[in-house]
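A.B. asks: What follows is entry_26.cif, made up of mmCIF, C-alpha atoms:
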data_query
loop_
_atom_site.label_atom_id
_atom_site.label_comp_id
_atom_site.auth_asym_id
_atom_site.auth_seq_id
_atom_site.Cartn_x
_atom_site.Cartn_y
_atom_site.Cartn_z
CA MET D 1 -11.28 -19.05 20.87
CA ARG D 2 -9.22 -17.58 23.72
CA CYS D 3 -9.90 -14.02 24.94
CA SER D 4 -6.37 -12.84 24.03
CA ASP D 5 -6.78 -14.08 20.43
CA ASN D 6 -10.21 -12.53 20.23
CA GLN D 7 -9.15 -9.13 21.54
CA LYS D 8 -6.45 -8.84 18.88
CA LYS D 9 -9.21 -9.09 16.30
CA LEU D 10 -11.57 -6.62 17.97
CA ASP D 11 -9.53 -3.58 16.87
CA ILE D 12 -9.71 -4.63 13.22
CA TYR D 13 -13.23 -6.08 13.24
CA ASP D 14 -14.09 -4.09 10.09
CA LEU D 15 -11.26 -5.75 8.16
CA LEU D 16 -12.11 -9.34 9.14
CA SER D 17 -13.56 -11.89 6.74
CA ALA D 18 -17.15 -13.06 7.24
CA ARG D 19 -15.92 -16.31 8.81
CA GLU D 20 -13.63 -14.48 11.25
CA ARG D 21 -16.41 -12.06 12.22
CA LYS D 22 -18.71 -14.97 12.94
CA GLU D 23 -16.09 -16.52 15.26
CA VAL D 24 -15.66 -13.19 17.09
CA ASP D 25 -19.45 -12.72 17.39
CA ILE D 26 -19.86 -16.20 18.87
CA HIS D 27 -17.10 -15.55 21.41
CA ILE D 28 -18.48 -12.12 22.39
CA ALA D 29 -21.93 -13.62 22.95
CA THR D 30 -20.48 -15.93 25.63
CA CYS D 31 -17.74 -13.68 27.13
CA PRO D 32 -18.88 -10.50 28.98
CA GLU D 33 -15.30 -9.24 29.34
CA CYS D 34 -14.67 -9.31 25.58
CA ALA D 35 -18.14 -7.87 24.94
CA ALA D 36 -17.31 -4.89 27.20
CA ALA D 37 -13.93 -4.42 25.50
CA PHE D 38 -15.63 -4.48 22.12
CA GLU D 39 -18.13 -1.89 23.27
CA ARG D 40 -15.28 0.44 24.35
CA ILE D 41 -13.53 -0.06 21.02
CA LYS D 42 -16.71 0.82 19.15
CA GLN D 43 -17.10 4.01 21.20
CA VAL D 44 -13.54 5.09 20.51
CA GLN D 45 -13.97 4.30 16.83
CA ALA D 46 -17.09 6.45 16.82
CA LEU D 47 -15.00 9.31 18.25
CA ILE D 48 -12.36 8.78 15.57
CA ARG D 49 -15.05 8.77 12.88
CA LYS D 50 -16.27 12.11 14.23
CA ALA D 51 -12.73 13.43 14.09
CA GLY D 52 -12.47 12.12 10.52
CA SER D 53 -15.66 13.90 9.51
CA VAL D 54 -13.87 17.24 9.92
CA LYS D 55 -12.24 17.97 6.57
CA PRO D 56 -9.30 20.36 6.78
CA GLU D 57 -9.47 22.88 3.95
CA PRO D 58 -6.93 25.36 2.61
CA ASP D 59 -7.46 28.97 3.70
CA ASP D 60 -7.68 30.21 0.12
CA PRO D 61 -8.39 27.40 -2.37
CA LEU D 62 -8.30 29.75 -5.39
CA ASP D 63 -4.89 31.04 -4.40
CA LEU D 64 -3.62 27.48 -3.96
CA THR D 65 -4.94 26.51 -7.42
CA GLY D 66 -3.27 29.61 -8.89
CA ARG D 67 0.08 28.75 -7.31
CA ILE D 68 -0.12 25.16 -8.55
CA MET D 69 -0.97 26.27 -12.11
CA TYR D 70 1.82 28.86 -12.06
CA ARG D 71 4.32 26.12 -11.23
CA VAL D 72 2.78 23.87 -13.90
CA GLU D 73 3.26 26.65 -16.49
CA GLN D 74 6.87 27.10 -15.34
CA GLU D 75 7.44 23.37 -15.64
CA ARG D 76 5.85 23.37 -19.09
CA SER D 77 7.99 26.21 -20.46
CA ARG D 78 11.15 24.70 -18.92
CA LYS D 79 10.37 21.39 -20.62
CA ARG D 80 9.63 23.12 -23.95
CA ASP D 81 12.98 24.97 -23.81
CA SER D 82 14.93 21.82 -23.10
CA LEU D 83 13.31 19.72 -25.87
CA PRO D 84 15.80 18.20 -28.31
CA LEU D 85 15.47 18.94 -32.07
CA ILE D 86 14.14 15.46 -32.77
CA SER D 87 11.31 15.01 -30.36
CA ILE D 88 11.55 11.96 -28.11
CA THR D 89 7.76 11.63 -28.41
CA TRP D 90 8.24 9.51 -31.52
CA PHE D 91 10.00 6.89 -29.45
CA ARG D 92 6.99 6.73 -27.17
CA ILE D 93 4.55 5.62 -29.86
CA GLN D 94 3.95 1.94 -29.23
CA PRO D 95 4.01 0.50 -32.81
CA LEU D 96 7.17 2.46 -33.57
CA ARG D 97 8.79 1.04 -30.48
CA TYR D 98 8.10 -2.47 -31.76
CA ALA D 99 9.48 -1.54 -35.21
CA TYR D 100 12.68 -0.15 -33.65
CA GLY D 101 12.99 -3.31 -31.60
CA ILE D 102 12.56 -5.63 -34.59
CA VAL D 103 15.05 -3.68 -36.76
CA SER D 104 17.59 -3.70 -33.93
CA LEU D 105 17.15 -7.45 -33.42
CA LEU D 106 17.60 -8.12 -37.16
CA LEU D 107 20.80 -6.06 -37.26
CA ILE D 108 22.18 -7.86 -34.22
CA ALA D 109 21.23 -11.28 -35.66
CA GLY D 110 22.90 -10.42 -39.01
CA PHE D 111 26.05 -9.29 -37.28
CA VAL D 112 26.22 -12.44 -35.13
CA TYR D 113 25.58 -14.67 -38.19
CA GLU D 114 28.34 -13.00 -40.20
CA THR D 115 30.76 -13.26 -37.30
CA MET D 116 30.04 -16.94 -36.62
CA ARG D 117 29.94 -18.12 -40.28
CA PRO D 118 32.99 -20.37 -41.25
CA VAL D 119 35.31 -18.85 -43.92
CA GLN D 120 35.05 -20.65 -47.35
CA PRO D 121 38.45 -21.36 -49.13
CA MET D 122 38.81 -19.69 -52.56
CA ASP D 123 38.26 -21.85 -55.64
CA LYS D 124 41.30 -22.81 -57.79
CA PRO D 125 41.61 -20.85 -61.06
CA VAL D 126 39.82 -22.65 -63.91
CA ALA D 127 42.14 -21.63 -66.82
CA VAL D 128 45.93 -21.19 -67.03
CA ALA D 129 47.14 -18.07 -68.73
CA SER D 130 48.26 -18.61 -72.40
CA VAL D 131 51.87 -18.24 -73.59
CA PRO D 132 52.67 -14.60 -74.21
CA ALA D 133 53.65 -13.45 -77.66
CA GLU D 134 56.96 -12.08 -76.45
CA VAL D 135 59.25 -14.12 -74.21
CA PRO D 136 62.49 -13.17 -72.43
CA LEU D 137 65.50 -15.01 -73.87
CA ASN D 138 69.17 -15.24 -72.94
CA THR D 139 70.23 -13.80 -76.31
CA ALA D 140 73.75 -12.69 -75.27
CA GLU D 141 75.00 -16.28 -74.88
CA PHE D 142 73.18 -17.30 -78.09
CA LEU D 143 74.80 -14.52 -80.09
CA LYS D 144 78.26 -15.49 -78.89
CA LYS D 145 77.68 -19.10 -80.06
CA LEU D 146 76.24 -17.89 -83.37
CA GLU D 147 79.22 -15.67 -84.19
CA LYS D 148 81.61 -18.49 -83.33
CA SER D 149 79.87 -20.91 -85.71
CA ARG D 150 79.83 -18.34 -88.60
CA GLY D 151 76.26 -19.03 -89.63
CA SER D 152 74.50 -18.51 -93.05
CA ALA D 153 73.12 -15.24 -94.52
CA SER D 154 69.59 -15.99 -93.30
CA ASP D 155 71.08 -16.62 -89.87
CA LEU D 156 72.74 -13.19 -90.04
CA THR D 157 69.41 -11.56 -91.06
CA MET D 158 67.82 -13.19 -88.04
CA LEU D 159 70.75 -11.92 -85.98
CA GLN D 160 70.06 -8.37 -87.12
CA CYS D 161 66.36 -8.89 -86.30
CA ILE D 162 67.24 -10.06 -82.81
CA ARG D 163 69.56 -7.09 -82.32
CA ALA D 164 66.84 -4.74 -83.50
CA CYS D 165 64.36 -6.36 -81.13
CA ARG D 166 66.82 -6.07 -78.25
CA ALA D 167 67.45 -2.43 -79.03
CA GLU D 168 63.72 -1.82 -79.06
CA ASN D 169 62.43 -4.10 -76.27
CA GLY D 170 65.44 -4.97 -74.11
CA SER D 171 65.67 -8.71 -73.55
CA MET D 172 62.41 -9.40 -75.45
CA VAL D 173 62.29 -10.70 -79.05
CA CYS D 174 59.39 -10.86 -81.47
CA TYR D 175 57.51 -14.08 -82.25
CA ASP D 176 59.16 -14.56 -85.69
CA CYS D 177 62.65 -14.17 -84.25
CA LYS D 178 61.76 -16.64 -81.50
CA LYS D 179 60.69 -19.27 -84.10
CA GLN D 180 63.92 -18.85 -86.08
CA TYR D 181 65.93 -18.72 -82.87
CA THR D 182 64.46 -22.06 -81.64
CA LYS D 183 65.19 -23.66 -85.07
CA LEU D 184 68.77 -22.37 -85.18
CA TYR D 185 69.45 -23.14 -81.53
CA SER D 186 68.58 -26.80 -82.10
CA LYS D 187 71.18 -26.85 -84.95
CA LEU D 188 73.90 -25.35 -82.74
CA MET B 1 -14.84 21.32 -19.57
CA GLN B 2 -17.55 20.62 -16.98
CA SER B 3 -19.68 18.73 -19.51
CA LEU B 4 -16.94 16.23 -20.34
CA PRO B 5 -16.61 12.98 -18.38
CA GLU B 6 -13.56 12.75 -16.14
CA PRO B 7 -11.66 10.13 -18.21
CA GLU B 8 -11.78 12.46 -21.24
CA ILE B 9 -10.56 15.39 -19.17
CA ILE B 10 -7.67 13.25 -17.95
CA LEU B 11 -6.85 12.34 -21.57
CA LEU B 12 -6.82 16.03 -22.52
CA ALA B 13 -4.52 16.80 -19.58
CA GLN B 14 -2.24 13.94 -20.68
CA ARG B 15 -1.94 15.69 -24.06
CA GLY B 16 -0.76 18.85 -22.31
CA ASP B 17 -4.05 20.76 -22.01
CA THR B 18 -3.55 23.00 -18.98
CA ARG B 19 -7.25 23.91 -18.78
CA ALA B 20 -8.08 20.24 -18.31
CA PHE B 21 -5.33 19.93 -15.72
CA ARG B 22 -6.67 22.97 -13.87
CA TRP B 23 -10.06 21.23 -13.68
CA LEU B 24 -8.38 18.21 -12.05
CA VAL B 25 -6.55 20.47 -9.60
CA GLU B 26 -9.76 22.26 -8.63
CA ARG B 27 -11.58 18.96 -8.20
CA TYR B 28 -8.95 17.12 -6.16
CA GLN B 29 -6.90 19.72 -4.30
CA GLY B 30 -9.30 19.56 -1.34
CA PHE B 31 -8.73 15.80 -0.93
CA ALA B 32 -4.99 16.27 -1.32
CA TYR B 33 -4.91 19.09 1.22
CA SER B 34 -7.00 17.16 3.75
CA LEU B 35 -4.63 14.18 3.56
CA ALA B 36 -1.51 16.35 3.69
CA PHE B 37 -2.79 18.36 6.65
CA ARG B 38 -3.56 15.18 8.60
CA PHE B 39 0.04 14.09 8.12
CA THR B 40 1.70 17.40 8.88
CA ARG B 41 -0.76 19.32 11.13
CA GLU B 42 0.61 22.51 9.56
CA ALA B 43 -1.28 24.50 6.93
CA GLY B 44 1.89 25.81 5.25
CA SER B 45 3.53 22.40 4.98
CA ALA B 46 0.27 20.85 3.77
CA GLU B 47 0.00 23.46 0.98
CA ASP B 48 3.63 22.84 -0.03
CA ILE B 49 2.92 19.11 -0.21
CA VAL B 50 -0.21 19.69 -2.30
CA GLN B 51 1.77 21.84 -4.75
CA GLU B 52 4.58 19.31 -4.97
CA SER B 53 2.10 16.47 -5.45
CA PHE B 54 0.32 18.17 -8.34
CA ILE B 55 3.64 18.98 -10.01
CA ARG B 56 4.51 15.27 -9.75
CA VAL B 57 1.06 14.44 -11.16
CA TRP B 58 1.67 16.81 -14.11
CA LYS B 59 5.13 15.36 -14.80
CA ASN B 60 3.97 11.74 -14.60
CA LEU B 61 0.53 12.10 -16.16
CA SER B 62 1.63 10.15 -19.25
CA ARG B 63 2.25 7.12 -17.00
CA TYR B 64 -1.24 7.18 -15.53
CA ARG B 65 -3.36 4.23 -16.67
CA ALA B 66 -7.15 4.35 -16.53
CA GLU B 67 -7.34 0.90 -14.85
CA VAL B 68 -6.54 2.66 -11.57
CA LYS B 69 -8.91 5.25 -10.10
CA PHE B 70 -7.42 8.73 -10.54
CA SER B 71 -8.13 9.52 -6.88
CA THR B 72 -6.21 6.40 -5.77
CA TRP B 73 -3.27 7.37 -8.00
CA LEU B 74 -3.33 10.91 -6.59
CA TYR B 75 -3.56 9.61 -3.01
CA THR B 76 -0.47 7.46 -3.68
CA ILE B 77 1.49 10.50 -4.85
CA VAL B 78 0.33 12.71 -1.97
CA THR B 79 1.04 9.96 0.59
CA ASN B 80 4.55 9.49 -0.82
CA CYS B 81 5.15 13.25 -0.62
CA CYS B 82 3.92 13.20 2.99
CA LEU B 83 6.19 10.27 3.90
CA ASP B 84 9.12 12.11 2.24
CA TYR B 85 8.23 15.16 4.32
CA LEU B 86 8.14 13.12 7.54
CA ARG B 87 11.50 11.50 6.71
CA SER B 88 13.10 14.88 5.96
CA ARG B 89 11.69 16.26 9.19
CA GLN B 90 13.01 13.37 11.30
CA GLY B 91 16.42 14.95 11.85
CA ARG B 92 15.03 18.24 13.07
CA SER B 93 11.80 16.79 14.43
CA ARG B 94 9.68 18.36 17.04
CA ARG B 95 9.19 15.88 19.85
CA HIS B 96 6.19 13.58 19.53
CA THR B 97 4.69 14.63 22.80
CA VAL B 98 1.01 14.66 23.51
CA ASP B 99 -0.43 17.84 24.96
CA GLU B 100 -2.22 16.15 27.84
CA GLN B 101 -3.73 19.35 29.18
CA HIS B 102 -5.26 20.07 25.80
CA LEU B 103 -6.72 16.56 25.58
CA ARG B 104 -8.21 16.79 29.07
CA VAL B 105 -9.97 20.01 28.16
CA ILE B 106 -11.41 18.41 25.04
CA ALA B 107 -12.50 15.29 26.91
CA SER B 108 -14.16 17.28 29.66
CA THR B 109 -16.46 19.10 27.25
CA GLN B 110 -18.31 15.82 26.51
CA ASP B 111 -20.25 17.30 23.63
CA THR B 112 -18.40 16.00 20.60
CA ASP B 113 -21.23 16.83 18.24
CA SER B 114 -20.66 20.57 18.10
CA GLU B 115 -18.45 21.79 15.23
CA VAL B 116 -15.92 23.44 17.57
CA ASN B 117 -15.51 20.29 19.62
CA ARG B 118 -15.24 18.11 16.57
CA GLN B 119 -12.42 20.37 15.41
CA GLU B 120 -10.79 20.01 18.79
CA LEU B 121 -11.30 16.26 18.72
CA MET B 122 -9.68 16.06 15.30
CA ALA B 123 -6.73 18.10 16.55
CA ALA B 124 -6.37 15.73 19.50
CA VAL B 125 -6.51 12.59 17.34
CA LEU B 126 -3.93 14.02 14.93
CA GLN B 127 -1.73 14.95 17.85
CA LEU B 128 -1.90 11.36 19.10
CA ALA B 129 -1.23 10.03 15.59
CA ASP B 130 1.93 12.14 15.55
CA ALA B 131 3.49 9.65 17.94
CA LEU B 132 2.95 6.72 15.53
CA SER B 133 5.59 5.56 13.07
CA PRO B 134 5.18 7.08 9.57
CA ARG B 135 3.77 3.83 8.14
CA GLN B 136 1.34 3.32 11.04
CA ARG B 137 0.25 6.91 10.70
CA ALA B 138 -0.29 6.49 6.97
CA VAL B 139 -2.47 3.39 7.43
CA PHE B 140 -4.45 5.00 10.26
CA ILE B 141 -5.06 8.28 8.39
CA LEU B 142 -5.99 6.63 5.09
CA ARG B 143 -8.32 4.04 6.61
CA ASP B 144 -9.84 5.73 9.66
CA LEU B 145 -9.76 9.43 8.85
CA GLU B 146 -9.98 9.46 5.04
CA GLY B 147 -12.29 6.43 5.07
CA LEU B 148 -10.61 4.53 2.21
CA SER B 149 -11.23 0.81 1.72
CA ALA B 150 -8.65 -1.73 2.91
CA GLU B 151 -7.86 -2.60 -0.75
CA GLU B 152 -7.18 1.05 -1.58
CA VAL B 153 -4.89 1.36 1.44
CA CYS B 154 -3.01 -1.76 0.29
CA ASP B 155 -2.63 -0.30 -3.23
CA ILE B 156 -1.55 3.16 -2.09
CA LEU B 157 1.06 1.89 0.36
CA SER B 158 2.02 -1.24 -1.63
CA MET B 159 1.36 -3.39 1.42
CA SER B 160 -0.24 -6.83 1.76
CA THR B 161 -3.65 -7.15 3.43
CA GLY B 162 -2.08 -8.95 6.40
CA ASN B 163 0.48 -6.20 6.82
CA VAL B 164 -2.19 -3.50 6.70
CA LYS B 165 -4.26 -5.39 9.30
CA SER B 166 -1.39 -5.78 11.75
CA THR B 167 -0.20 -2.16 11.25
CA LEU B 168 -3.72 -0.84 11.74
CA HIS B 169 -4.19 -2.99 14.84
CA HIS B 170 -1.10 -1.43 16.46
CA ALA B 171 -2.08 2.09 15.43
CA ARG B 172 -5.65 1.77 16.61
CA SER B 173 -4.79 0.17 19.94
CA PHE B 174 -2.30 2.98 20.64
CA ILE B 175 -4.80 5.73 19.77
CA ARG B 176 -7.55 3.92 21.70
CA SER B 177 -5.44 3.53 24.82
CA LYS B 178 -4.61 7.25 24.79
CA LEU B 179 -8.13 8.42 24.00
CA MET B 180 -9.68 6.10 26.61
CA HIS B 181 -7.34 7.54 29.17
CA TYR B 182 -9.00 10.94 28.71
CA TYR B 183 -12.47 9.76 27.79
CA ARG B 184 -12.66 7.12 30.51
CA GLU B 185 -15.37 8.80 32.53
CA PRO B 186 -18.00 9.27 29.83
CA ILE B 187 -17.42 5.76 28.52
CA LYS B 188 -17.86 4.26 31.96
CA LYS B 189 -21.10 6.18 32.41
CA GLU B 190 -22.41 4.91 29.10
CA GLU B 191 -21.51 1.36 30.00
CA LEU B 192 -23.59 1.62 33.14
#
Re-express the file's structure as structure tokens.

C.D. replies:
Amino acid sequence: MRCSDNQKKLDIYDLLSARERKEVDIHIATCPECAAAFERIKQVQALIRKAGSVKPEPDDPLDLTGRIMYRVEQERSRKRDSLPLISITWFRIQPLRYAYGIVSLLLIAGFVYETMRPVQPMDKPVAVASVPAEVPLNTAEFLKKLEKSRGSASDLTMLQCIRACRAENGSMVCYDCKKQYTKLYSKL
Amino acid sequence: MQSLPEPEIILLAQRGDTRAFRWLVERYQGFAYSLAFRFTREAGSAEDIVQESFIRVWKNLSRYRAEVKFSTWLYTIVTNCCLDYLRSRQGRSRRHTVDEQHLRVIASTQDTDSEVNRQELMAAVLQLADALSPRQRAVFILRDLEGLSAEEVCDILSMSTGNVKSTLHHARSFIRSKLMHYYREPIKKEEL
């Protein structure tokens, strides 16, 4: 080991590993210059230790404690005044934190799943609606043809029925009229 | 309160018990003051730092974990307050000059074992440390004056072991060169 390398280590001899100390010790044993430097360092470190043995103390420790506790009380009352209605302490309890985390993750996962899911087309209707009892008919044209052909008495009764139906329901006729109408219409 | 072990008192303080916190203040304010004074060299500033540190301790007590020694955690807070103080003082800093006359008087007395001279010696060392950078000063004070282990210094300052070694080497060689300048004569005599 060179003297320059060794002297860098002399100042921090107390922080060296056992192996490094052994190297330094071997060098010092054979190098009077480094041994003298080490001796000076030890003397200065002894002076510093003496300086370190003097513990500065506050003039009035009780007063200092009192001032600290006064500020702590102030801090405490300030914090109590500014507390929200629902205490945040609940959020600090570890198991509850995990529960909040899991619930949040489930909600997020559900939302993402619903957003990403492909839209299913609606099924076709199974049954077709049945024929209604009353049907709209073009009775005006039919009546014209009927009057022209001078139909039978039963035809005239049916005509009155249709007129009555029209007066009551507009363009709608009842089921009986419709049956007679279809029969008569095929004759015309 | 005295009969309870410290971890239980810390737990009580964490739950907001001010009596338990007062016990911690009484137990540790001396350590905090000693460290703060060594950084600032002013009683008033040191007391302000101690107050500020304990308020930070009170506010952050819920974050304290028992895996770390309470004293180490407190030292970290006090050291950070001291470094903040040094940074804030940088703009309007007093000059880092060494009172050479004062040091010569101390060195000439030779007898460093008497209480008065040890006080003077401490004042001289702190005056020399004033000329170091804040980080060098922190490492030097924590390791050499407070007597903390290298691991504790690493934890408090969040520095690697190598970094602490090199910083301490620079700090110590500076202090040594200055002290040897004034203590040259007695050392030479002892060497003979």

A.B. asks: Could you give me, as a list in words, the residues within 8 Å of stretch 62-68 of chain D, counting all atoms listed in the file and dropping anything in the same chain fewer than 2 positions from it?

C.D. replies: Pro58, Asp60, Tyr70, Arg71 and Val72 of chain D; Arg22, Val25, Glu26, Gln29, Glu47, Gln51, Phe54 and Ile55 of chain B

A.B. asks: Chain D near chain B within 7 Å: what's each residue's closest atom pair and its distance in Å to one decimal, counting only C-alpha atoms, ordered by chain then ascending residue number, as CSV?

C.D. replies:
residue,atom,partner,partner_atom,distance
D:Asp11,CA,B:His169,CA,5.7
D:Ile12,CA,B:His169,CA,6.0
D:Val44,CA,B:Arg176,CA,6.2
D:Arg49,CA,B:Leu145,CA,6.7
D:Lys50,CA,B:Arg118,CA,6.5
D:Ala51,CA,B:Met122,CA,4.2
D:Gly52,CA,B:Leu145,CA,4.2
D:Val54,CA,B:Gln119,CA,6.5
D:Lys55,CA,B:Ser34,CA,6.0
D:Pro56,CA,B:Ser34,CA,5.0
D:Glu57,CA,B:Ser34,CA,6.2
D:Pro58,CA,B:Tyr33,CA,6.7
D:Thr65,CA,B:Glu26,CA,6.5
D:Ile68,CA,B:Gln51,CA,5.4
D:Met69,CA,B:Arg22,CA,6.8
D:Val72,CA,B:Ile55,CA,6.3

A.B. asks: Restricting it to C-alpha atoms, dump the selection as a PDB file, keeping the file's coordinate frame.

C.D. replies:
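Final output, saved to selection.pdb:
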ATOM      1  CA  ASP D  11      -9.530  -3.580  16.870  1.00  0.00           C
ATOM      2  CA  ILE D  12      -9.710  -4.630  13.220  1.00  0.00           C
ATOM      3  CA  VAL D  44     -13.540   5.090  20.510  1.00  0.00           C
ATOM      4  CA  ARG D  49     -15.050   8.770  12.880  1.00  0.00           C
ATOM      5  CA  LYS D  50     -16.270  12.110  14.230  1.00  0.00           C
ATOM      6  CA  ALA D  51     -12.730  13.430  14.090  1.00  0.00           C
ATOM      7  CA  GLY D  52     -12.470  12.120  10.520  1.00  0.00           C
ATOM      8  CA  VAL D  54     -13.870  17.240   9.920  1.00  0.00           C
ATOM      9  CA  LYS D  55     -12.240  17.970   6.570  1.00  0.00           C
ATOM     10  CA  PRO D  56      -9.300  20.360   6.780  1.00  0.00           C
ATOM     11  CA  GLU D  57      -9.470  22.880   3.950  1.00  0.00           C
ATOM     12  CA  PRO D  58      -6.930  25.360   2.610  1.00  0.00           C
ATOM     13  CA  THR D  65      -4.940  26.510  -7.420  1.00  0.00           C
ATOM     14  CA  ILE D  68      -0.120  25.160  -8.550  1.00  0.00           C
ATOM     15  CA  MET D  69      -0.970  26.270 -12.110  1.00  0.00           C
ATOM     16  CA  VAL D  72       2.780  23.870 -13.900  1.00  0.00           C
TER      17      VAL D  72
END

A.B. asks: Neighbouring residues of stretch 1-9 of chain D were defined as those with any atom within 9 Å, considering all atoms listed in the file; residues of the same chain fewer than 3 positions away were excluded. Please report them as a PyMOL selection string.

C.D. replies: (chain D and resi 12-13+16+20-21+23-24+27-28+31+33-34+37-38) or (chain B and resi 169)

A.B. asks: Just give me the gap between atom CA of B:Leu4 and atom CA of B:Arg63 in Å, one decimal is fine.

C.D. replies: 21.5 Å

A.B. asks: Name the residues captured by the PyMOL selection byres ((chain B and resi 69) around 12) when it is applied to the shown file; answer as a ChimeraX atom specification.

C.D. replies: /B:6-7,10,64-68,70-76,152,155-156

A.B. asks: Just the selected residues (C-alpha atoms), exported as an mmCIF file, in the frame of the given file, please.

C.D. replies:
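After the write, selection-v6.cif holds the following:
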data_model
loop_
_atom_site.group_PDB
_atom_site.id
_atom_site.type_symbol
_atom_site.label_atom_id
_atom_site.label_comp_id
_atom_site.auth_asym_id
_atom_site.auth_seq_id
_atom_site.Cartn_x
_atom_site.Cartn_y
_atom_site.Cartn_z
ATOM 1 C CA GLU B 6 -13.560 12.750 -16.140
ATOM 2 C CA PRO B 7 -11.660 10.130 -18.210
ATOM 3 C CA ILE B 10 -7.670 13.250 -17.950
ATOM 4 C CA TYR B 64 -1.240 7.180 -15.530
ATOM 5 C CA ARG B 65 -3.360 4.230 -16.670
ATOM 6 C CA ALA B 66 -7.150 4.350 -16.530
ATOM 7 C CA GLU B 67 -7.340 0.900 -14.850
ATOM 8 C CA VAL B 68 -6.540 2.660 -11.570
ATOM 9 C CA PHE B 70 -7.420 8.730 -10.540
ATOM 10 C CA SER B 71 -8.130 9.520 -6.880
ATOM 11 C CA THR B 72 -6.210 6.400 -5.770
ATOM 12 C CA TRP B 73 -3.270 7.370 -8.000
ATOM 13 C CA LEU B 74 -3.330 10.910 -6.590
ATOM 14 C CA TYR B 75 -3.560 9.610 -3.010
ATOM 15 C CA THR B 76 -0.470 7.460 -3.680
ATOM 16 C CA GLU B 152 -7.180 1.050 -1.580
ATOM 17 C CA ASP B 155 -2.630 -0.300 -3.230
ATOM 18 C CA ILE B 156 -1.550 3.160 -2.090
#

A.B. asks: In terms of the shortest atom-to-atom distance over all atoms listed in the file, which of B:Gln127, B:Ser133, B:Ser158, B:Ser62 is closest to B:Leu83?

C.D. replies: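 Between B:Gln127, B:Ser133, B:Ser158, B:Ser62, the residue approaching B:Leu83 most closely is B:Ser133.
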
A.B. asks: Between atom CA of D:Gln43 and atom CA of D:Lys22, what is the spacing in Å?

C.D. replies: 20.8 Å

A.B. asks: What is the atom CA of B:Ile49-atom CA of D:Gln74 distance in Å, reported with one decimal?

C.D. replies: 17.6 Å

A.B. asks: Using all atoms listed in the file, which residue out of B:Gln14, B:Gln136, B:Ser3, B:Ser160 lies closest to B:Asn60?

C.D. replies: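 Checking each of B:Gln14, B:Gln136, B:Ser3, B:Ser160 against B:Asn60, counting all atoms listed in the file, the winner is B:Gln14.
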
A.B. asks: Taking into account only C-alpha atoms, which residue in the set B:Thr79, B:Leu12, B:His181, B:Asp130 is nearest to B:Leu157?

C.D. replies: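 Smallest distance to B:Leu157 is found for B:Thr79.
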